[in-house]
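Enquirer: So here's coords.cif, just mmCIF, C-alpha atoms:
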```cif
data_model
loop_
_atom_site.group_PDB
_atom_site.id
_atom_site.type_symbol
_atom_site.label_atom_id
_atom_site.label_comp_id
_atom_site.auth_asym_id
_atom_site.auth_seq_id
_atom_site.Cartn_x
_atom_site.Cartn_y
_atom_site.Cartn_z
ATOM 1 C CA MET A 243 -76.194 110.577 -3.975
ATOM 2 C CA SER A 244 -76.606 106.805 -3.949
ATOM 3 C CA ILE A 245 -79.151 104.769 -2.028
ATOM 4 C CA ASN A 246 -76.776 103.862 0.808
ATOM 5 C CA GLY A 247 -75.970 107.509 1.435
ATOM 6 C CA ILE A 248 -72.432 107.522 0.131
ATOM 7 C CA GLY A 249 -71.441 110.110 -2.448
ATOM 8 C CA THR A 250 -71.297 109.461 -6.147
ATOM 9 C CA ALA A 251 -67.516 109.598 -6.289
ATOM 10 C CA GLY A 252 -67.457 105.810 -6.508
ATOM 11 C CA TYR A 253 -65.252 105.227 -3.498
ATOM 12 C CA PRO A 254 -67.140 102.224 -2.187
ATOM 13 C CA LEU A 255 -67.116 100.576 -5.611
ATOM 14 C CA THR A 256 -63.432 101.386 -6.101
ATOM 15 C CA GLY A 257 -62.596 100.115 -2.623
ATOM 16 C CA TYR A 258 -64.541 96.941 -3.234
ATOM 17 C CA THR A 259 -62.803 96.403 -6.563
ATOM 18 C CA ALA A 260 -59.391 97.111 -5.041
ATOM 19 C CA ARG A 261 -60.004 94.694 -2.155
ATOM 20 C CA LYS A 262 -61.256 92.036 -4.570
ATOM 21 C CA ALA A 263 -58.181 92.475 -6.779
ATOM 22 C CA GLY A 264 -55.982 92.414 -3.688
ATOM 23 C CA ARG A 265 -57.516 89.145 -2.486
ATOM 24 C CA SER A 266 -57.127 87.674 -5.963
ATOM 25 C CA ALA A 267 -53.452 88.659 -6.012
ATOM 26 C CA GLU A 268 -53.030 87.249 -2.507
ATOM 27 C CA SER A 269 -54.583 83.930 -3.512
ATOM 28 C CA ARG A 270 -52.294 83.735 -6.560
ATOM 29 C CA ALA A 271 -49.320 84.485 -4.315
ATOM 30 C CA VAL A 272 -50.391 81.765 -1.877
ATOM 31 C CA GLU A 273 -50.805 79.280 -4.741
ATOM 32 C CA PHE A 274 -47.375 80.246 -6.048
ATOM 33 C CA MET A 275 -45.774 79.784 -2.615
ATOM 34 C CA GLU A 276 -47.474 76.412 -2.192
ATOM 35 C CA THR A 277 -46.124 75.345 -5.577
ATOM 36 C CA VAL A 278 -42.621 76.534 -4.636
ATOM 37 C CA GLU A 279 -42.803 74.681 -1.305
ATOM 38 C CA GLU A 280 -43.925 71.527 -3.088
ATOM 39 C CA LYS A 281 -41.016 71.738 -5.544
ATOM 40 C CA VAL A 282 -38.557 72.365 -2.709
ATOM 41 C CA ALA A 283 -39.967 69.378 -0.813
ATOM 42 C CA GLN A 284 -39.529 67.205 -3.898
ATOM 43 C CA GLY A 285 -35.928 68.376 -4.193
ATOM 44 C CA LYS A 286 -35.325 67.631 -0.520
ATOM 45 C CA ALA A 287 -36.816 64.173 -0.949
ATOM 46 C CA VAL A 288 -34.387 63.456 -3.786
ATOM 47 C CA ASP A 289 -31.534 64.761 -1.625
ATOM 48 C CA GLN A 290 -32.656 62.512 1.244
ATOM 49 C CA ASP A 291 -32.880 59.516 -1.089
ATOM 50 C CA GLU A 292 -29.307 60.164 -2.201
ATOM 51 C CA LYS A 293 -28.206 60.629 1.403
ATOM 52 C CA ALA A 294 -29.891 57.348 2.353
ATOM 53 C CA PHE A 295 -28.150 55.574 -0.518
ATOM 54 C CA GLY A 296 -24.808 57.036 0.534
ATOM 55 C CA LEU A 297 -25.251 55.520 3.994
ATOM 56 C CA VAL A 298 -25.591 51.952 2.687
ATOM 57 C CA GLY A 299 -24.039 51.913 -0.765
ATOM 58 C CA PRO A 300 -20.996 54.171 -1.053
ATOM 59 C CA ASN A 301 -19.172 51.586 -3.186
ATOM 60 C CA ALA A 302 -22.147 50.377 -5.215
ATOM 61 C CA PRO A 303 -22.081 50.769 -8.992
ATOM 62 C CA GLN A 304 -24.025 53.585 -10.641
ATOM 63 C CA GLU A 305 -26.677 51.200 -11.956
ATOM 64 C CA VAL A 306 -27.491 50.156 -8.367
ATOM 65 C CA LYS A 307 -27.771 53.810 -7.368
ATOM 66 C CA ASP A 308 -30.043 54.468 -10.344
ATOM 67 C CA ALA A 309 -32.265 51.531 -9.339
ATOM 68 C CA TRP A 310 -32.372 52.871 -5.748
ATOM 69 C CA MET A 311 -33.367 56.339 -6.897
ATOM 70 C CA GLU A 312 -36.030 55.002 -9.289
ATOM 71 C CA ALA A 313 -37.527 52.797 -6.570
ATOM 72 C CA ALA A 314 -37.484 55.678 -4.070
ATOM 73 C CA LYS A 315 -39.264 57.941 -6.529
ATOM 74 C CA GLU A 316 -41.782 55.239 -7.468
ATOM 75 C CA VAL A 317 -42.681 54.322 -3.874
ATOM 76 C CA ASN A 318 -42.055 57.740 -2.314
ATOM 77 C CA ALA A 319 -39.870 56.146 0.361
ATOM 78 C CA ASN A 320 -36.301 54.908 0.688
ATOM 79 C CA GLY A 321 -34.691 51.914 2.326
ATOM 80 C CA MET A 322 -33.409 53.903 5.273
ATOM 81 C CA GLY A 323 -36.712 55.427 6.373
ATOM 82 C CA ILE A 324 -35.385 58.963 5.858
ATOM 83 C CA ARG A 325 -38.178 61.394 5.064
ATOM 84 C CA GLY A 326 -37.974 64.535 2.942
ATOM 85 C CA ASN A 327 -37.384 66.617 6.074
ATOM 86 C CA GLY A 328 -34.304 64.547 6.977
ATOM 87 C CA MET A 329 -35.910 62.832 9.951
ATOM 88 C CA MET A 330 -36.132 59.062 10.202
ATOM 89 C CA SER A 331 -39.595 57.553 10.359
ATOM 90 C CA HIS A 332 -38.319 54.386 12.064
ATOM 91 C CA ILE A 333 -35.252 52.154 12.240
ATOM 92 C CA SER A 334 -35.155 50.388 8.903
ATOM 93 C CA GLN A 335 -33.704 46.949 8.210
ATOM 94 C CA MET A 336 -30.879 48.509 6.188
ATOM 95 C CA MET A 337 -30.066 50.636 9.245
ATOM 96 C CA VAL A 338 -30.139 47.489 11.408
ATOM 97 C CA GLN A 339 -27.621 45.854 9.061
ATOM 98 C CA ARG A 340 -25.462 48.976 9.268
ATOM 99 C CA LEU A 341 -25.663 49.036 13.072
ATOM 100 C CA ASN A 342 -24.822 45.330 13.263
ATOM 101 C CA LYS A 343 -21.603 46.012 11.357
ATOM 102 C CA GLN A 344 -20.807 48.792 13.796
ATOM 103 C CA LEU A 345 -21.470 46.520 16.792
ATOM 104 C CA LYS A 346 -19.072 43.956 15.312
ATOM 105 C CA GLY A 347 -16.337 46.584 15.374
ATOM 106 C CA GLU A 348 -16.418 47.714 11.765
ATOM 107 C CA THR A 349 -16.005 51.455 12.104
ATOM 108 C CA GLU A 350 -14.847 52.247 8.591
ATOM 109 C CA ASN A 351 -16.923 50.057 6.275
ATOM 110 C CA PHE A 352 -20.676 50.595 6.535
ATOM 111 C CA ASP A 353 -21.239 49.457 2.976
ATOM 112 C CA ILE A 354 -24.341 47.264 3.044
ATOM 113 C CA LEU A 355 -25.058 47.016 -0.674
ATOM 114 C CA GLY A 356 -21.523 46.047 -1.646
ATOM 115 C CA SER A 357 -19.798 46.746 -4.929
ATOM 116 C CA THR A 358 -21.837 44.597 -7.313
ATOM 117 C CA VAL A 359 -25.440 44.240 -8.401
ATOM 118 C CA GLU A 360 -25.505 40.723 -6.933
ATOM 119 C CA SER A 361 -24.336 41.909 -3.512
ATOM 120 C CA ALA A 362 -27.029 44.613 -3.561
ATOM 121 C CA ILE A 363 -29.644 41.965 -4.403
ATOM 122 C CA GLN A 364 -28.489 39.788 -1.491
ATOM 123 C CA ALA A 365 -28.529 42.692 0.972
ATOM 124 C CA THR A 366 -32.000 43.757 -0.172
ATOM 125 C CA LYS A 367 -33.343 40.195 0.067
ATOM 126 C CA LYS A 368 -31.952 39.948 3.599
ATOM 127 C CA ALA A 369 -33.509 43.271 4.591
ATOM 128 C CA LEU A 370 -36.873 42.255 3.121
ATOM 129 C CA TYR A 371 -36.754 38.856 4.854
ATOM 130 C CA ASP A 372 -35.853 40.441 8.191
ATOM 131 C CA LEU A 373 -38.652 42.962 7.770
ATOM 132 C CA GLU A 374 -41.219 40.261 7.063
ATOM 133 C CA HIS A 375 -39.908 37.820 9.717
ATOM 134 C CA PRO A 376 -39.072 39.768 12.874
ATOM 135 C CA VAL A 377 -37.074 37.856 15.493
ATOM 136 C CA VAL A 378 -39.075 39.296 18.370
ATOM 137 C CA TYR A 379 -42.554 40.775 18.394
ATOM 138 C CA THR A 380 -42.420 44.445 19.254
ATOM 139 C CA PRO A 381 -45.553 46.563 19.540
ATOM 140 C CA ARG A 382 -45.419 49.472 17.116
ATOM 141 C CA SER A 383 -47.374 52.656 16.601
ATOM 142 C CA ILE A 384 -49.593 53.074 13.556
ATOM 143 C CA GLU A 385 -47.051 55.499 12.055
ATOM 144 C CA VAL A 386 -44.206 52.992 12.408
ATOM 145 C CA GLN A 387 -46.358 50.202 10.982
ATOM 146 C CA GLN A 388 -47.166 52.379 7.968
ATOM 147 C CA ALA A 389 -43.491 53.284 7.550
ATOM 148 C CA ARG A 390 -42.537 49.598 7.645
ATOM 149 C CA ILE A 391 -45.138 48.840 4.964
ATOM 150 C CA LYS A 392 -43.589 51.580 2.795
ATOM 151 C CA GLU A 393 -40.138 50.169 3.529
ATOM 152 C CA GLY A 394 -41.285 46.750 2.280
ATOM 153 C CA GLU A 395 -42.727 48.347 -0.860
ATOM 154 C CA PHE A 396 -39.407 50.094 -1.440
ATOM 155 C CA TYR A 397 -37.383 46.876 -1.029
ATOM 156 C CA ARG A 398 -39.657 45.015 -3.449
ATOM 157 C CA ALA A 399 -39.442 47.797 -6.056
ATOM 158 C CA PHE A 400 -35.662 48.087 -5.590
ATOM 159 C CA LEU A 401 -35.223 44.325 -5.848
ATOM 160 C CA GLU A 402 -37.328 44.200 -9.013
ATOM 161 C CA LYS A 403 -35.185 46.901 -10.606
ATOM 162 C CA LEU A 404 -31.957 45.197 -9.533
ATOM 163 C CA GLU A 405 -33.056 41.858 -10.955
ATOM 164 C CA GLN A 406 -33.732 43.531 -14.329
ATOM 165 C CA LEU A 407 -30.095 44.680 -14.542
#
```
Take the structure from the file and write it as structure tokens.

Expert:
Amino acid sequence: MSINGIGTAGYPLTGYTARKAGRSAESRAVEFMETVEEKVAQGKAVDQDEKAFGLVGPNAPQEVKDAWMEAAKEVNANGMGIRGNGMMSHISQMMVQRLNKQLKGETENFDILGSTVESAIQATKKALYDLEHPVVYTPRSIEVQQARIKEGEFYRAFLEKLEQL
């Protein structure tokens, strides 16, 4: 008999070992699931970046799309403010340009970036200017301010990549 009064069959030691192994397996499973979720989130972010590009550049050349995707990956944001979960963080300047076209009666052509690298540069410069020089002061939450900072970073990175083409 052992000191704690439990028989010598080793049950407490076996139980302890089994629980320890079980917790270790559980922690590995949790780590695995976290890794899977992270990879899925990265895939969703890429999908959202492509979706965002499709909203403003359906007729843009492949090199413009490549520059968009590189800038989105580099900054971890896109020019439409669409997050990895598909929700919009705020109304971006590219979305404002798109909505302005819609308000002018253009219901078919929402192409903001155009069909050339030069037209994409002009649209991005306009969006960046409008972002940095708002027409009217509007109070914004901290989250929207942070999203607008990211949007500006995206436009600068995108513009830099476009100008290298």

Enquirer: If we count only C-alpha atoms and set the cut-off at 7 Å, which residues sit around A:Ala294, ignoring sequence neighbours fewer than 3 positions away in its own chain? Please answer as a ChimeraX atom specification.

Expert: /A:290-291,297-298,322,324

Enquirer: I'd like the residues picked by the PyMOL selection byres ((chain A and resi 372) around 12) written out as a list in words, using the chain letters and numbers from the file.

Expert: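 Selection result, ordered by chain and number: Ser334, Gln335, Met336, Met337, Val338, Gln339, Ala365, Thr366, Lys367, Lys368, Ala369, Leu370, Tyr371, Leu373, Glu374, His375, Pro376, Val377, Val378, Arg390, Glu393, Gly394 and Tyr397 of chain A.
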
Enquirer: Report as a list in words the full result of the PyMOL selection byres ((chain A and resi 317) around 8) when it is applied to this structure.

Expert: Ala313, Ala314, Lys315, Glu316, Asn318, Ala319, Asn320, Lys392, Glu395, Phe396 and Ala399 of chain A

Enquirer: Could you state the separation of atom CA of A:Glu402 and atom CA of A:Val359 in Å, given to one decimal place?

Expert: 11.9 Å

Enquirer: Could you tell me how far atom CA of A:Ala302 sits from atom CA of A:Thr358, in Å to one decimal place?

Expert: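 Taking atom CA of A:Thr358 as the start and atom CA of A:Ala302 as the end point, the length is 6.2 Å.
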
Enquirer: Rank A:Pro303, A:Gly323, A:Gly356, A:Gly296 by their smallest atom-to-atom distance to A:Gln387, using only C-alpha atoms, and report the top residue only.

Expert: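 Using only C-alpha atoms, the shortest distance to A:Gln387 belongs to A:Gly323.
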
Enquirer: Check the smallest atom-to-atom distance from each of A:Glu305, A:Met311, A:Lys403, A:Pro381 to A:Lys293 using all atoms listed in the file, then report the winner.

Expert: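 Among A:Glu305, A:Met311, A:Lys403, A:Pro381, it is A:Met311 that comes nearest to A:Lys293.
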
Enquirer: Using atom CA of A:Glu312 and atom CA of A:Glu405 as the two end points, give the distance in Å to one decimal.

Expert: 13.6 Å
